[in-house]
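Structure data follow from target31.cif (mmCIF, C-alpha atoms):
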data_query
loop_
_atom_site.group_PDB
_atom_site.id
_atom_site.type_symbol
_atom_site.label_atom_id
_atom_site.label_comp_id
_atom_site.auth_asym_id
_atom_site.auth_seq_id
_atom_site.Cartn_x
_atom_site.Cartn_y
_atom_site.Cartn_z
ATOM 1 C CA MET A 1 0.000 0.000 0.000
ATOM 2 C CA SER A 2 1.004 3.616 -0.312
ATOM 3 C CA ILE A 3 -0.199 6.874 1.168
ATOM 4 C CA PRO A 4 -3.319 8.419 -0.407
ATOM 5 C CA LYS A 5 -2.656 10.146 -3.727
ATOM 6 C CA THR A 6 -3.877 13.535 -2.507
ATOM 7 C CA THR A 7 -1.467 13.447 0.459
ATOM 8 C CA LYS A 8 1.436 12.284 -1.717
ATOM 9 C CA LYS A 9 0.745 14.975 -4.326
ATOM 10 C CA TYR A 10 0.571 17.638 -1.597
ATOM 11 C CA LEU A 11 3.844 16.548 0.059
ATOM 12 C CA ASP A 12 5.672 16.245 -3.260
ATOM 13 C CA LYS A 13 4.456 19.695 -4.348
ATOM 14 C CA LYS A 14 5.861 21.103 -1.076
ATOM 15 C CA LEU A 15 9.162 19.282 -1.800
ATOM 16 C CA ALA A 16 8.883 17.599 1.586
ATOM 17 C CA LYS A 17 11.401 14.992 2.677
ATOM 18 C CA TYR A 18 9.425 12.104 4.121
ATOM 19 C CA ASP A 19 9.221 8.341 4.431
ATOM 20 C CA GLU A 20 6.057 6.402 3.738
ATOM 21 C CA LEU A 21 5.148 3.887 6.438
ATOM 22 C CA ALA A 22 2.671 1.121 5.648
ATOM 23 C CA HIS A 23 1.258 -0.732 8.656
ATOM 24 C CA LYS A 24 -1.717 -2.754 9.829
ATOM 25 C CA THR A 25 -5.010 -0.928 10.283
ATOM 26 C CA VAL A 26 -4.940 1.379 13.315
ATOM 27 C CA TYR A 27 -7.480 3.903 14.564
ATOM 28 C CA THR A 28 -5.545 5.696 17.307
ATOM 29 C CA ALA A 29 -2.114 7.230 17.836
ATOM 30 C CA TYR A 30 -1.636 4.778 20.708
ATOM 31 C CA ASP A 31 -2.246 1.793 18.408
ATOM 32 C CA LEU A 32 0.091 3.293 15.808
ATOM 33 C CA ALA A 33 2.899 3.535 18.372
ATOM 34 C CA GLN A 34 2.292 -0.077 19.450
ATOM 35 C CA THR A 35 2.205 -1.296 15.834
ATOM 36 C CA LEU A 36 5.355 0.541 14.736
ATOM 37 C CA ARG A 37 7.096 -0.130 18.077
ATOM 38 C CA LYS A 38 7.757 3.562 18.560
ATOM 39 C CA GLU A 39 7.482 5.762 21.627
ATOM 40 C CA LEU A 40 4.289 7.802 21.956
ATOM 41 C CA LYS A 41 6.285 11.056 21.884
ATOM 42 C CA GLU A 42 7.331 10.207 18.294
ATOM 43 C CA ILE A 43 3.711 10.168 17.080
ATOM 44 C CA GLY A 44 1.905 13.396 16.203
ATOM 45 C CA LYS A 45 -1.782 13.309 17.125
ATOM 46 C CA SER A 46 -3.918 15.524 14.839
ATOM 47 C CA LEU A 47 -7.079 16.995 16.303
ATOM 48 C CA LEU A 48 -9.633 19.029 14.403
ATOM 49 C CA ILE A 49 -10.702 22.059 16.458
ATOM 50 C CA ALA A 50 -13.540 24.521 15.990
ATOM 51 C CA ALA A 51 -12.250 27.913 17.144
ATOM 52 C CA ASP A 52 -14.936 30.588 17.016
ATOM 53 C CA LYS A 53 -16.166 30.328 13.406
ATOM 54 C CA ALA A 54 -13.075 28.675 11.889
ATOM 55 C CA TYR A 55 -11.424 25.265 11.989
ATOM 56 C CA ILE A 56 -7.802 24.576 12.826
ATOM 57 C CA LEU A 57 -5.653 21.485 13.251
ATOM 58 C CA ALA A 58 -3.972 21.063 16.615
ATOM 59 C CA VAL A 59 -1.036 18.632 16.635
ATOM 60 C CA VAL A 60 0.221 17.272 19.949
ATOM 61 C CA PRO A 61 2.656 14.475 20.842
ATOM 62 C CA ALA A 62 0.629 11.298 21.394
ATOM 63 C CA HIS A 63 1.751 10.903 25.011
ATOM 64 C CA MET A 64 0.132 14.243 25.854
ATOM 65 C CA ARG A 65 -3.451 15.451 26.091
ATOM 66 C CA LEU A 66 -4.906 18.566 24.483
ATOM 67 C CA ASP A 67 -5.767 21.295 27.015
ATOM 68 C CA LEU A 68 -8.652 23.234 25.443
ATOM 69 C CA GLY A 69 -8.241 26.077 27.961
ATOM 70 C CA LYS A 70 -4.588 26.616 27.025
ATOM 71 C CA LEU A 71 -5.417 26.346 23.322
ATOM 72 C CA LYS A 72 -8.231 28.892 23.669
ATOM 73 C CA LYS A 73 -5.792 31.299 25.314
ATOM 74 C CA ALA A 74 -3.112 30.714 22.625
ATOM 75 C CA LEU A 75 -5.663 31.245 19.834
ATOM 76 C CA LYS A 76 -7.174 34.272 21.597
ATOM 77 C CA ALA A 77 -10.538 32.747 20.766
ATOM 78 C CA LYS A 78 -13.854 33.169 22.567
ATOM 79 C CA LYS A 79 -14.975 29.594 22.015
ATOM 80 C CA VAL A 80 -12.938 26.441 21.346
ATOM 81 C CA LYS A 81 -14.269 22.907 21.026
ATOM 82 C CA ILE A 82 -13.704 19.571 19.329
ATOM 83 C CA PRO A 83 -16.414 19.370 16.658
ATOM 84 C CA ASP A 84 -18.648 16.411 16.001
ATOM 85 C CA GLU A 85 -17.110 13.714 13.769
ATOM 86 C CA LYS A 86 -19.749 14.498 11.141
ATOM 87 C CA VAL A 87 -17.830 17.729 10.393
ATOM 88 C CA MET A 88 -14.835 15.671 9.207
ATOM 89 C CA VAL A 89 -17.062 13.820 6.787
ATOM 90 C CA LYS A 90 -19.214 16.733 5.567
ATOM 91 C CA VAL A 91 -16.713 19.605 5.531
ATOM 92 C CA PHE A 92 -13.374 17.870 4.959
ATOM 93 C CA ARG A 93 -14.540 14.626 3.289
ATOM 94 C CA VAL A 94 -12.372 12.581 5.642
ATOM 95 C CA LYS A 95 -13.278 9.506 7.666
ATOM 96 C CA PRO A 96 -13.219 10.165 11.418
ATOM 97 C CA GLY A 97 -9.771 9.245 12.704
ATOM 98 C CA ALA A 98 -8.078 9.637 9.315
ATOM 99 C CA MET A 99 -7.467 13.401 9.406
ATOM 100 C CA THR A 100 -3.921 14.292 8.386
ATOM 101 C CA ALA A 101 -1.766 16.813 10.220
ATOM 102 C CA PHE A 102 -1.274 18.686 6.955
ATOM 103 C CA GLY A 103 -3.524 21.725 7.278
ATOM 104 C CA GLY A 104 -2.537 23.019 3.852
ATOM 105 C CA LEU A 105 -4.158 19.931 2.369
ATOM 106 C CA HIS A 106 -7.422 20.929 4.083
ATOM 107 C CA ASN A 107 -6.949 24.717 3.700
ATOM 108 C CA ILE A 108 -6.813 25.275 7.458
ATOM 109 C CA GLU A 109 -4.234 26.625 9.894
ATOM 110 C CA VAL A 110 -1.991 24.270 11.896
ATOM 111 C CA TRP A 111 -1.049 24.792 15.526
ATOM 112 C CA VAL A 112 1.653 22.574 17.019
ATOM 113 C CA ASP A 113 2.341 22.048 20.697
ATOM 114 C CA LYS A 114 5.971 22.879 21.550
ATOM 115 C CA GLY A 115 6.346 19.409 23.066
ATOM 116 C CA LEU A 116 6.604 18.031 19.530
ATOM 117 C CA LEU A 117 9.986 19.767 19.174
ATOM 118 C CA LYS A 118 11.434 17.330 21.741
ATOM 119 C CA THR A 119 11.556 14.615 19.094
ATOM 120 C CA LYS A 120 13.705 14.751 15.973
ATOM 121 C CA ASP A 121 11.398 12.734 13.692
ATOM 122 C CA VAL A 122 7.627 12.678 13.959
ATOM 123 C CA ILE A 123 5.177 10.142 12.537
ATOM 124 C CA LEU A 124 1.953 11.668 11.215
ATOM 125 C CA GLY A 125 -1.263 10.265 9.800
ATOM 126 C CA ALA A 126 -1.332 10.304 6.015
ATOM 127 C CA GLY A 127 -5.102 10.266 5.570
ATOM 128 C CA SER A 128 -5.732 6.532 5.880
ATOM 129 C CA PHE A 129 -5.819 3.919 8.628
ATOM 130 C CA THR A 130 -2.992 1.888 7.067
ATOM 131 C CA ASP A 131 -0.403 4.492 6.097
ATOM 132 C CA SER A 132 1.610 7.155 7.875
ATOM 133 C CA VAL A 133 4.412 9.569 7.079
ATOM 134 C CA ARG A 134 7.668 10.079 8.975
ATOM 135 C CA MET A 135 9.481 13.379 8.633
ATOM 136 C CA LYS A 136 11.610 15.760 10.671
ATOM 137 C CA ALA A 137 9.444 17.589 13.198
ATOM 138 C CA ARG A 138 11.040 20.931 12.308
ATOM 139 C CA ASP A 139 10.493 20.291 8.572
ATOM 140 C CA PHE A 140 6.808 19.586 9.234
ATOM 141 C CA ILE A 141 6.388 22.796 11.250
ATOM 142 C CA LYS A 142 8.194 24.869 8.616
ATOM 143 C CA MET A 143 6.307 23.293 5.689
ATOM 144 C CA GLU A 144 2.922 23.916 7.322
ATOM 145 C CA GLN A 145 3.925 27.366 8.591
ATOM 146 C CA ALA A 146 2.528 26.085 11.867
ATOM 147 C CA LYS A 147 2.130 28.280 14.884
ATOM 148 C CA LEU A 148 3.843 27.004 18.042
ATOM 149 C CA ALA A 149 2.351 27.247 21.523
ATOM 150 C CA ASP A 150 2.051 25.341 24.799
ATOM 151 C CA PHE A 151 -1.425 23.810 24.798
ATOM 152 C CA ALA A 152 -0.899 20.206 25.858
ATOM 153 C CA GLN A 153 -0.698 18.631 29.276
ATOM 154 C CA LYS A 154 0.616 15.320 30.547
ATOM 155 C CA GLY A 155 -1.678 12.599 29.336
ATOM 156 C CA GLY A 156 -0.538 9.707 31.485
ATOM 157 C CA TYR A 157 -0.485 7.452 28.430
ATOM 158 C CA VAL A 158 2.051 4.633 28.669
ATOM 159 C CA LEU A 159 2.586 1.854 26.164
ATOM 160 C CA GLN A 160 2.084 -1.675 27.421
ATOM 161 C CA ALA A 161 5.336 -3.615 27.532
ATOM 162 C CA LYS A 162 5.018 -6.860 25.655
ATOM 163 C CA LYS A 163 5.618 -9.836 27.901
ATOM 164 C CA PRO A 164 8.030 -12.412 26.532
ATOM 165 C CA ALA A 165 6.508 -15.799 25.829
ATOM 166 C CA LYS A 166 7.215 -18.421 28.483
ATOM 167 C CA LYS A 167 9.636 -21.067 27.364
ATOM 168 C CA LYS A 168 9.506 -24.652 28.541
ATOM 169 C CA THR A 169 12.772 -25.621 30.043
ATOM 170 C CA ALA A 170 14.271 -29.082 29.916
ATOM 171 C CA LYS A 171 13.778 -29.435 33.692
ATOM 172 C CA LYS A 172 10.065 -28.686 33.471
ATOM 173 C CA GLY A 173 9.734 -31.232 30.666
ATOM 174 C CA LYS A 174 11.483 -33.932 32.731
ATOM 175 C CA LYS A 175 9.326 -33.219 35.797
ATOM 176 C CA ALA A 176 6.164 -33.532 33.740
ATOM 177 C CA ALA A 177 7.387 -36.844 32.303
ATOM 178 C CA LYS A 178 8.151 -38.200 35.812
ATOM 179 C CA LYS A 179 4.679 -37.236 37.055
ATOM 180 C CA ALA A 180 3.062 -38.953 34.106
ATOM 181 C CA ALA A 181 5.121 -42.103 34.713
ATOM 182 C CA LYS A 182 4.099 -42.238 38.389
ATOM 183 C CA LYS A 183 0.448 -42.229 37.470
ATOM 184 C CA LYS A 184 -0.436 -45.798 36.658
ATOM 185 C CA PRO A 185 -3.199 -46.417 34.222
ATOM 186 C CA ALA A 186 -6.328 -47.870 35.826
ATOM 187 C CA LYS A 187 -6.555 -51.628 35.367
ATOM 188 C CA SER A 188 -9.439 -52.666 33.280
ATOM 189 C CA LYS A 189 -11.427 -55.540 34.603
ATOM 190 C CA LYS A 190 -12.146 -58.158 32.024
ATOM 191 C CA LYS A 191 -15.257 -60.101 32.440
ATOM 192 C CA GLY A 192 -14.676 -63.736 31.945
ATOM 193 C CA LYS A 193 -17.097 -66.118 30.271
ATOM 194 C CA LYS A 194 -18.860 -68.626 32.432
#
Can you present the structure in this file as structure tokens?
Amino acid sequence: MSIPKTTKKYLDKKLAKYDELAHKTVYTAYDLAQTLRKELKEIGKSLLIAADKAYILAVVPAHMRLDLGKLKKALKAKKVKIPDEKVMVKVFRVKPGAMTAFGGLHNIEVWVDKGLLKTKDVILGAGSFTDSVRMKARDFIKMEQAKLADFAQKGGYVLQAKKPAKKKTAKKGKKAAKKAAKKKPAKSKKKGKK
């Protein structure tokens, strides 16, 4: 698979340096980090925001949570909210959860939390559930002419460590064999003919 044509065309037109990442179907930034075996701070979470009468994209590191109060203050807006998912479908013609971080593709402004600058490379949604884009965080911010501000807070999100599979050791195998040998099969009683 490859990233959607519209996203690819947009990135190529901007002369962006990026890597395409194909992966299994994921619906959240958390699942993307698990799938790609990356840290949450390396994933950029894109959130569509209704600010007064306009829409913007807010991008935060996936291990953090959007603080609407801080964002409202940074935007100097009267009202800030996360719109209903129907807006993504009707206004932007995007499936909920598949919004890219590329505001220029959607003709909207991009705001990036400063926490994203703590990672060199960032992985961003490419407009599908099976493809993402990796690029330098600073290149992304420059390309999108994104505005930087502090509008995220600690999210408390931690990836689950995968437990190694238990291996049977030779000792355990021998013990099991000894136990089986100790158990004697029940004697069957044969009925004799009279």
Starting from the displayed file, determine the output of the PyMOL selection byres ((chain A and resi 106) around 12) and express the residue list as a count of residues only. 25
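Of note, CA of Ser2 in chain A and CA of Glu42 in chain A are spaced 20.7 Å apart.
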Evaluated on this file, the PyMOL selection byres ((chain A and resi 49) around 12) picks out some residues - which ones are they, written as number ranges by chain? A: 46-48, 50-59, 66-68, 71-72, 75, 77, 79-85, 87-88, 99, 103, 108-111
Long-range neighbours of Arg134 in chain A as a PyMOL selection string, 12 Å cut-off, all atoms listed in the file, 2 positions minimum in chain: chain A and resi 3+11+16-22+36+38+42-44+101+119-126+131-132+136-140
I need the output of the PyMOL selection byres ((chain A and resi 154) around 8) for this file as a PyMOL selection string; which residues are they? chain A and resi 63-65+152-153+155-156
With all atoms listed in the file as the atoms that count, which of A:Val112, A:Met143, A:Asp150, A:Phe129 lies nearest to Thr28 in chain A? A:Phe129
Here CA of Leu148 in chain A and CA of Lys70 in chain A stand apart by 12.3 Å
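Residue nearest Lys95 in chain A, chosen from A:Lys13, A:Ser128, A:Leu117, A:Leu159 and counting only C-alpha atoms: A:Ser128.
Each of A:Val26, A:Ala62, A:Lys76, A:Val89 was checked against Asp113 in chain A using all atoms listed in the file; the smallest atom-to-atom distance is that of A:Ala62.
Picture a line from CA of Lys114 in chain A to CA of Ala146 in chain A; it runs 10.8 Å.
Distance check against Gly115 in chain A using all atoms listed in the file: of A:Lys41, A:Ile141, A:Lys147, A:Pro96, the minimum falls on A:Lys41.
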Expected axis-aligned box over every listed atom of range 106-116 of chain A, 5 Å added per side, centre plus edges in Å to one decimal, as lines of an AutoDock Vina configuration file:
center_x = -0.4
center_y = 22.3
center_z = 13.4
size_x = 24.0
size_y = 18.6
size_z = 29.4
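For the choices A:Lys73, A:Val133, A:Lys142, A:Ala149, the atom-to-atom distance to Lys8 in chain A is smallest for A:Val133 when using all atoms listed in the file.
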